[in-house]
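Let me begin by presenting the structure, written as structure tokens, before commenting on it.
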Amino acid sequence: MEKLQTHTKNIRKNIIKMVHNAKSGHIGGALSATELMTVLYFEEANITAENIKSNDRDKVVFSKGHASALLYSVLSEAKLTDIDVMTYRLINSKLQGHPNMNYVDGVDMSTGSLGQGISAAVGMAMANKLSKNDNRIYVLLGDGETEEGQVWEAAMAASHYNLDNLCVVLDNNNLQIDGDICKVMNPKPLDEKFKAFGWNLVEIDGHNLDEIRAAYKEAREFKGKPTLILAHTVKGKGVSFMENQAGWHGIAPSDEQLEQALKELEAE
């Protein structure tokens, strides 16, 4: 557990440094999903530096592609690929604001247009079923992203084809770029909607490492349906002045804010 906590802290610190250095990026939703992706990459998913270029491994799709700082930071912290995270969003860098699978090993789908990532993941899960590939497909989905109709077409297809090799992690931090998701375009109740679409539902605190571990275990062992992990999270988690603030969806911290954020994370 202590190792996971250390990885989580390092990943959060890098996210903040990366966005500060680039003077742009999506920081709030990257910090909210940090524990979820840390457990996935360090404990759950069959992804290693040795198999990173292979099709014979689990795949992870960041459907909320704007959270790319989290993806790059995790790949770097886990030493899965050789990247310099401080080139994030810089001109001519491979680490673009939305991940491109043609540039970086470990980016399993180019994403950014919301709703398309989960749709691609459904196709990947179907392909695995057809080819008798037992590896799993994981998706990081945003709660604001569920306002896209394409998400529900994908959800319907995943249930129809009994894609129990598909696990979607829904980062439910309740905020998007324009504010409260319920005021922008209310997608709730997300739990009842996914159950109505035929999904197995696991509801957790998205910052509790034990609950995250248990949720991935249930998803892996549940047969006959895809699983949705509905993770209740805090946007900007770990930095007091960013937490639950929609304004921190897509802006970079100043030098002073960077220093304060890093101090808070180190103290934590």
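We label chains A, B, ... in the order they appear in the structure tokens, count residues from 1 in each chain, and number ligands from 1 in the order shown.
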**OP:** Compile the contact shell of segment 191-208 of chain A as a list of chain:residue names: residues with an atom at most 8 Å away, counting only C-alpha atoms, same-chain residues fewer than 3 positions apart removed.
**Re:**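 Answer for this query is A:Ala33, A:Glu35, A:Leu36, A:Ala155, A:Met156, A:Ser159, A:His160, A:Asp171, A:Lys188, A:Glu211, A:Ile212, A:Ala215, A:Phe222, A:Lys225, A:Pro226, A:Thr227, A:Leu228, A:Ile229, A:Leu230, A:Ala231, A:His232, A:Thr233.
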Suppose we keep N, CA and C atoms; can you now write the selection as an mmCIF file, in the first residue's frame?
```cif
data_model
loop_
_atom_site.group_PDB
_atom_site.id
_atom_site.type_symbol
_atom_site.label_atom_id
_atom_site.label_comp_id
_atom_site.auth_asym_id
_atom_site.auth_seq_id
_atom_site.Cartn_x
_atom_site.Cartn_y
_atom_site.Cartn_z
ATOM 1 N N ALA A 33 -8.431 11.269 -11.218
ATOM 2 C CA ALA A 33 -8.382 9.848 -11.601
ATOM 3 C C ALA A 33 -7.052 9.188 -11.279
ATOM 4 N N GLU A 35 -5.531 7.858 -8.487
ATOM 5 C CA GLU A 35 -5.527 6.567 -7.783
ATOM 6 C C GLU A 35 -6.073 5.451 -8.659
ATOM 7 N N LEU A 36 -7.106 5.762 -9.423
ATOM 8 C CA LEU A 36 -7.742 4.757 -10.275
ATOM 9 C C LEU A 36 -6.758 4.176 -11.286
ATOM 10 N N ALA A 155 -22.331 1.632 -24.925
ATOM 11 C CA ALA A 155 -22.786 0.874 -23.750
ATOM 12 C C ALA A 155 -23.790 -0.207 -24.156
ATOM 13 N N MET A 156 -24.681 0.148 -25.061
ATOM 14 C CA MET A 156 -25.680 -0.815 -25.525
ATOM 15 C C MET A 156 -25.013 -1.970 -26.270
ATOM 16 N N SER A 159 -23.085 -4.433 -23.889
ATOM 17 C CA SER A 159 -23.987 -5.345 -23.181
ATOM 18 C C SER A 159 -24.557 -6.391 -24.132
ATOM 19 N N HIS A 160 -24.940 -5.951 -25.322
ATOM 20 C CA HIS A 160 -25.539 -6.862 -26.298
ATOM 21 C C HIS A 160 -24.597 -8.013 -26.641
ATOM 22 N N ASP A 171 -14.890 8.294 -14.075
ATOM 23 C CA ASP A 171 -14.354 9.292 -13.142
ATOM 24 C C ASP A 171 -15.448 10.313 -12.849
ATOM 25 N N LYS A 188 -27.312 12.174 -14.972
ATOM 26 C CA LYS A 188 -27.623 11.265 -13.867
ATOM 27 C C LYS A 188 -29.063 10.779 -13.956
ATOM 28 N N GLU A 211 -10.722 -0.047 -2.022
ATOM 29 C CA GLU A 211 -11.965 -0.169 -2.781
ATOM 30 C C GLU A 211 -11.679 -0.298 -4.280
ATOM 31 N N ILE A 212 -10.675 0.412 -4.745
ATOM 32 C CA ILE A 212 -10.302 0.327 -6.165
ATOM 33 C C ILE A 212 -9.805 -1.078 -6.499
ATOM 34 N N ALA A 215 -12.701 -3.450 -6.629
ATOM 35 C CA ALA A 215 -13.545 -3.224 -7.805
ATOM 36 C C ALA A 215 -12.939 -3.868 -9.048
ATOM 37 N N PHE A 222 -16.233 -11.139 -12.866
ATOM 38 C CA PHE A 222 -17.645 -11.140 -13.252
ATOM 39 C C PHE A 222 -17.786 -11.589 -14.706
ATOM 40 N N LYS A 225 -21.302 -9.987 -18.499
ATOM 41 C CA LYS A 225 -21.623 -8.574 -18.721
ATOM 42 C C LYS A 225 -20.357 -7.726 -18.615
ATOM 43 N N PRO A 226 -20.346 -6.574 -19.315
ATOM 44 C CA PRO A 226 -19.273 -5.612 -19.068
ATOM 45 C C PRO A 226 -19.472 -4.987 -17.690
ATOM 46 N N THR A 227 -18.406 -4.474 -17.110
ATOM 47 C CA THR A 227 -18.482 -3.863 -15.778
ATOM 48 C C THR A 227 -18.183 -2.370 -15.848
ATOM 49 N N LEU A 228 -19.017 -1.608 -15.152
ATOM 50 C CA LEU A 228 -18.760 -0.186 -14.949
ATOM 51 C C LEU A 228 -18.352 0.026 -13.495
ATOM 52 N N ILE A 229 -17.174 0.614 -13.291
ATOM 53 C CA ILE A 229 -16.765 1.049 -11.952
ATOM 54 C C ILE A 229 -17.102 2.525 -11.842
ATOM 55 N N LEU A 230 -18.153 2.826 -11.086
ATOM 56 C CA LEU A 230 -18.569 4.215 -10.886
ATOM 57 C C LEU A 230 -17.776 4.767 -9.700
ATOM 58 N N ALA A 231 -16.751 5.556 -10.012
ATOM 59 C CA ALA A 231 -15.805 6.029 -8.999
ATOM 60 C C ALA A 231 -16.109 7.473 -8.632
ATOM 61 N N HIS A 232 -16.515 7.685 -7.401
ATOM 62 C CA HIS A 232 -16.787 9.040 -6.916
ATOM 63 C C HIS A 232 -15.460 9.696 -6.541
ATOM 64 N N THR A 233 -15.145 10.788 -7.213
ATOM 65 C CA THR A 233 -13.841 11.421 -7.061
ATOM 66 C C THR A 233 -13.977 12.925 -6.830
#
```
Original post:
Neighbours of segment 43-50 of chain A within 8 Å (only C-alpha atoms; same-chain residues fewer than 3 positions away dropped), as number ranges by chain?
Top reply: A: 38-40, 53, 57-59, 79-81, 135-136, 213, 216
Could you write out the selected residues, including N, CA and C atoms, as a compact mmCIF listing (two decimals), in the first residue's frame?
```txt
# COMPACT_ATOMS: atom_id res chain seq x y z
N THR A 38 -3.38 4.51 -11.09
CA THR A 38 -2.20 3.96 -10.42
C THR A 38 -2.40 2.49 -10.08
N VAL A 39 -3.54 2.16 -9.50
CA VAL A 39 -3.82 0.76 -9.17
C VAL A 39 -3.91 -0.08 -10.45
N LEU A 40 -4.53 0.49 -11.49
CA LEU A 40 -4.68 -0.26 -12.74
C LEU A 40 -3.32 -0.62 -13.33
N LYS A 53 4.84 -3.29 -26.61
CA LYS A 53 4.66 -3.22 -28.06
C LYS A 53 3.82 -4.38 -28.62
N ARG A 57 -1.55 -8.38 -24.58
CA ARG A 57 -1.56 -7.76 -23.25
C ARG A 57 -2.88 -7.03 -23.08
N ASP A 58 -3.16 -6.60 -21.85
CA ASP A 58 -4.32 -5.75 -21.62
C ASP A 58 -4.11 -4.39 -22.29
N LYS A 59 -5.21 -3.74 -22.61
CA LYS A 59 -5.15 -2.41 -23.23
C LYS A 59 -5.94 -1.40 -22.37
N LYS A 79 7.67 3.13 -15.60
CA LYS A 79 8.81 2.78 -16.46
C LYS A 79 8.39 1.83 -17.60
N LEU A 80 7.22 2.11 -18.15
CA LEU A 80 6.70 1.27 -19.23
C LEU A 80 7.23 1.70 -20.59
N THR A 81 7.62 2.95 -20.70
CA THR A 81 8.14 3.45 -21.96
C THR A 81 9.08 4.61 -21.67
N ASN A 135 -6.99 -11.28 -23.06
CA ASN A 135 -6.61 -10.03 -22.42
C ASN A 135 -7.80 -9.09 -22.32
N ARG A 136 -7.71 -8.15 -21.38
CA ARG A 136 -8.83 -7.29 -21.05
C ARG A 136 -8.64 -5.88 -21.61
N ARG A 213 -8.94 -1.61 -5.66
CA ARG A 213 -8.45 -2.98 -5.86
C ARG A 213 -9.60 -3.97 -5.93
N TYR A 216 -11.64 -3.71 -9.24
CA TYR A 216 -10.99 -4.34 -10.39
C TYR A 216 -11.08 -5.86 -10.30
```
**OP:** Just the residues within 7 Å of Ala125 of chain A, please, counting only C-alpha atoms, with nothing from its chain fewer than 2 positions along; format it as a ChimeraX atom specification.
**Re:** /A:121-123,127-129,137,163,165-166
Write out the residues from the selection above, keeping C-alpha atoms, as an mmCIF file, in the first residue's frame.
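Contents of selection_26.cif, as written:
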```cif
data_model
loop_
_atom_site.group_PDB
_atom_site.id
_atom_site.type_symbol
_atom_site.label_atom_id
_atom_site.label_comp_id
_atom_site.auth_asym_id
_atom_site.auth_seq_id
_atom_site.Cartn_x
_atom_site.Cartn_y
_atom_site.Cartn_z
ATOM 1 C CA ALA A 121 -12.721 0.078 -26.744
ATOM 2 C CA VAL A 122 -15.923 -1.852 -27.437
ATOM 3 C CA GLY A 123 -14.501 -2.760 -30.852
ATOM 4 C CA ALA A 127 -11.951 -8.273 -31.504
ATOM 5 C CA ASN A 128 -10.393 -10.008 -28.496
ATOM 6 C CA LYS A 129 -13.468 -12.206 -28.113
ATOM 7 C CA ILE A 137 -9.780 -3.796 -22.214
ATOM 8 C CA LEU A 163 -18.284 -8.117 -23.367
ATOM 9 C CA ASN A 165 -13.614 -8.519 -20.962
ATOM 10 C CA LEU A 166 -14.438 -4.792 -20.907
#
```
Original post:
Between A:Gln260, A:Thr34, A:Ile118, A:Val60, which one has atoms that come closest to Val151 of chain A, using only C-alpha atoms?
Top reply: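 Looking at the shortest contact to Val151 of chain A, the residue is A:Ile118.
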Subject >> Proximity to Val107 of chain A - best of A:Ile91, A:Ile11, A:Ile52, A:Ala157, only C-alpha atoms >> reply: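 Closest to Val107 of chain A of all the choices is A:Ile52.
Residues lying within 6 Å of segment 23-26 of chain A, counting only C-alpha atoms and ignoring same-chain neighbours fewer than 6 positions away, are Ala67, His249, Gly250, Ile251 and Ala252 of chain A.
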Residues of the last selection are to be written out with N, CA and C atoms, as a CSV table (one decimal), in the first residue's frame.
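Contents of again37.csv, freshly written:
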```csv
chain,number,residue,atom,x,y,z
A,67,ALA,N,-7.1,14.2,-20.4
A,67,ALA,CA,-6.4,13.8,-19.2
A,67,ALA,C,-5.1,13.2,-19.5
A,249,HIS,N,-10.3,23.0,-14.5
A,249,HIS,CA,-10.4,21.9,-15.6
A,249,HIS,C,-9.3,22.0,-16.6
A,250,GLY,N,-8.9,23.2,-17.0
A,250,GLY,CA,-8.0,23.3,-18.1
A,250,GLY,C,-7.1,24.5,-18.1
A,251,ILE,N,-6.6,24.8,-16.9
A,251,ILE,CA,-5.6,25.9,-16.9
A,251,ILE,C,-4.3,25.5,-16.2
A,252,ALA,N,-3.3,26.3,-16.4
A,252,ALA,CA,-2.0,25.9,-15.8
A,252,ALA,C,-1.7,26.8,-14.5
```
**OP:** Mind listing the alpha helix (DSSP H) residues of segment 24-268 of chain A, per DSSP on the backbone, as a PyMOL selection string?
**Re:** chain A and resi 28-32+34-39+68-77+116-130+149-160+181-185+190-196+209-221+255-267
The selected residues should be written to file as a tab-separated table (two decimals), in the first residue's frame (atoms: C-alpha atoms).
```tsv
chain	number	residue	atom	x	y	z
A	28	GLY	CA	-8.30	18.87	-12.53
A	29	GLY	CA	-9.56	15.71	-14.20
A	30	ALA	CA	-6.07	14.22	-14.31
A	31	LEU	CA	-5.70	14.60	-10.54
A	32	SER	CA	-9.16	13.15	-9.87
A	34	THR	CA	-4.84	9.34	-10.30
A	35	GLU	CA	-5.53	6.57	-7.78
A	36	LEU	CA	-7.74	4.76	-10.28
A	37	MET	CA	-5.01	4.61	-12.90
A	38	THR	CA	-2.20	3.96	-10.42
A	39	VAL	CA	-3.82	0.76	-9.17
A	68	SER	CA	-3.29	12.87	-21.12
A	69	ALA	CA	-0.95	14.34	-18.47
A	70	LEU	CA	-2.12	11.51	-16.20
A	71	LEU	CA	-1.49	8.87	-18.86
A	72	TYR	CA	2.03	10.07	-19.63
A	73	SER	CA	2.86	10.47	-15.95
A	74	VAL	CA	1.71	6.91	-15.17
A	75	LEU	CA	3.60	5.43	-18.13
A	76	SER	CA	6.73	7.23	-16.96
A	77	GLU	CA	6.36	6.38	-13.26
A	116	GLN	CA	-15.12	7.93	-29.31
A	117	GLY	CA	-12.72	6.26	-26.88
A	118	ILE	CA	-15.31	3.98	-25.29
A	119	SER	CA	-16.65	3.15	-28.75
A	120	ALA	CA	-13.19	2.11	-29.93
A	121	ALA	CA	-12.72	0.08	-26.74
A	122	VAL	CA	-15.92	-1.85	-27.44
A	123	GLY	CA	-14.50	-2.76	-30.85
A	124	MET	CA	-11.22	-3.83	-29.24
A	125	ALA	CA	-13.08	-6.02	-26.73
A	126	MET	CA	-15.13	-7.60	-29.52
A	127	ALA	CA	-11.95	-8.27	-31.50
A	128	ASN	CA	-10.39	-10.01	-28.50
A	129	LYS	CA	-13.47	-12.21	-28.11
A	130	LEU	CA	-13.44	-13.17	-31.79
A	149	GLY	CA	-24.90	10.05	-27.20
A	150	GLN	CA	-22.14	7.87	-28.66
A	151	VAL	CA	-21.29	6.71	-25.13
A	152	TRP	CA	-24.69	5.10	-24.78
A	153	GLU	CA	-24.55	3.44	-28.20
A	154	ALA	CA	-21.27	1.90	-27.08
A	155	ALA	CA	-22.79	0.87	-23.75
A	156	MET	CA	-25.68	-0.81	-25.53
A	157	ALA	CA	-23.36	-2.71	-27.89
A	158	ALA	CA	-21.05	-3.84	-25.07
A	159	SER	CA	-23.99	-5.35	-23.18
A	160	HIS	CA	-25.54	-6.86	-26.30
A	181	ILE	CA	-22.38	18.38	-14.91
A	182	CYS	CA	-25.97	18.41	-13.66
A	183	LYS	CA	-26.37	22.05	-14.70
A	184	VAL	CA	-24.66	21.70	-18.07
A	185	MET	CA	-26.54	18.61	-19.26
A	190	LEU	CA	-25.43	7.17	-14.01
A	191	ASP	CA	-25.68	4.04	-11.88
A	192	GLU	CA	-29.25	3.25	-12.87
A	193	LYS	CA	-28.63	4.09	-16.52
A	194	PHE	CA	-25.69	1.71	-16.89
A	195	LYS	CA	-27.60	-1.02	-15.05
A	196	ALA	CA	-30.55	-0.45	-17.39
A	209	LEU	CA	-7.01	2.19	-2.83
A	210	ASP	CA	-8.59	-0.86	-1.17
A	211	GLU	CA	-11.97	-0.17	-2.78
A	212	ILE	CA	-10.30	0.33	-6.17
A	213	ARG	CA	-8.45	-2.98	-5.86
A	214	ALA	CA	-11.65	-4.81	-4.91
A	215	ALA	CA	-13.54	-3.22	-7.80
A	216	TYR	CA	-10.99	-4.34	-10.39
A	217	LYS	CA	-11.06	-7.84	-8.91
A	218	GLU	CA	-14.85	-8.01	-9.19
A	219	ALA	CA	-14.73	-6.72	-12.77
A	220	ARG	CA	-12.15	-9.35	-13.70
A	221	GLU	CA	-14.14	-12.19	-12.15
A	255	ASP	CA	4.97	29.65	-10.31
A	256	GLU	CA	3.58	30.42	-6.85
A	257	GLN	CA	0.69	27.98	-7.25
A	258	LEU	CA	3.09	25.28	-8.45
A	259	GLU	CA	5.21	25.74	-5.34
A	260	GLN	CA	2.19	25.60	-3.03
A	261	ALA	CA	0.74	22.54	-4.78
A	262	LEU	CA	4.00	20.60	-4.55
A	263	LYS	CA	4.34	21.49	-0.86
A	264	GLU	CA	0.85	20.21	-0.14
A	265	LEU	CA	1.42	16.96	-2.01
A	266	GLU	CA	4.75	16.38	-0.28
A	267	ALA	CA	3.18	16.98	3.13
```
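For the choices A:Leu140, A:Ile83, A:Val61, A:Ala78, the atom-to-atom distance to Thr111 of chain A is smallest for A:Val61 when using only C-alpha atoms.
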Subject >> Which residue of A:Ser240, A:Arg89, A:Thr146, A:Asn55 approaches Asp105 of chain A most closely, using only C-alpha atoms >> reply: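 Under the stated criterion, the closest residue is A:Asn55.
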Original post:
Hey, what does DSSP flag as strand (DSSP E or B) within segment 53-112 of chain A? Can you give it to me as a ChimeraX atom specification?
Top reply: /A:59-62
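Atom pair atom CA of Glu145 of chain A / atom CA of Asp164 of chain A has a distance of 22.1 Å (rounded to one decimal).
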Original post:
Which residue, A:Leu90, A:Leu114, A:Met101, A:Asp143, has the smallest gap to Pro189 of chain A when you use only C-alpha atoms?
Top reply: A:Asp143
Original post:
From the set A:Gly106, A:Gly238, A:Gly142, A:Pro253, which residue has the shortest atom-to-atom contact distance to Ser54 of chain A, counting only C-alpha atoms?
Top reply: A:Gly106
Subject >> Polymer residues at most 10 Å from Lys94 of chain A, only C-alpha atoms, same-chain spacing of 5 or more positions, as a list of chain:residue names >> reply: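 Within the cut-off, the hits are A:Ile83, A:Asp84, A:Val85, A:Thr87, A:Tyr88, A:Arg89, A:Pro99, A:Asn100, A:Met101, A:Asn102, A:Tyr103, A:Val104.
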**OP:** Please measure the separation of atom CA of Thr6 of chain A and atom CA of Val168 of chain A, giving the value in Å to one decimal.
**Re:**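 Calculated distance between atom CA of Thr6 of chain A and atom CA of Val168 of chain A is 24.9 Å.
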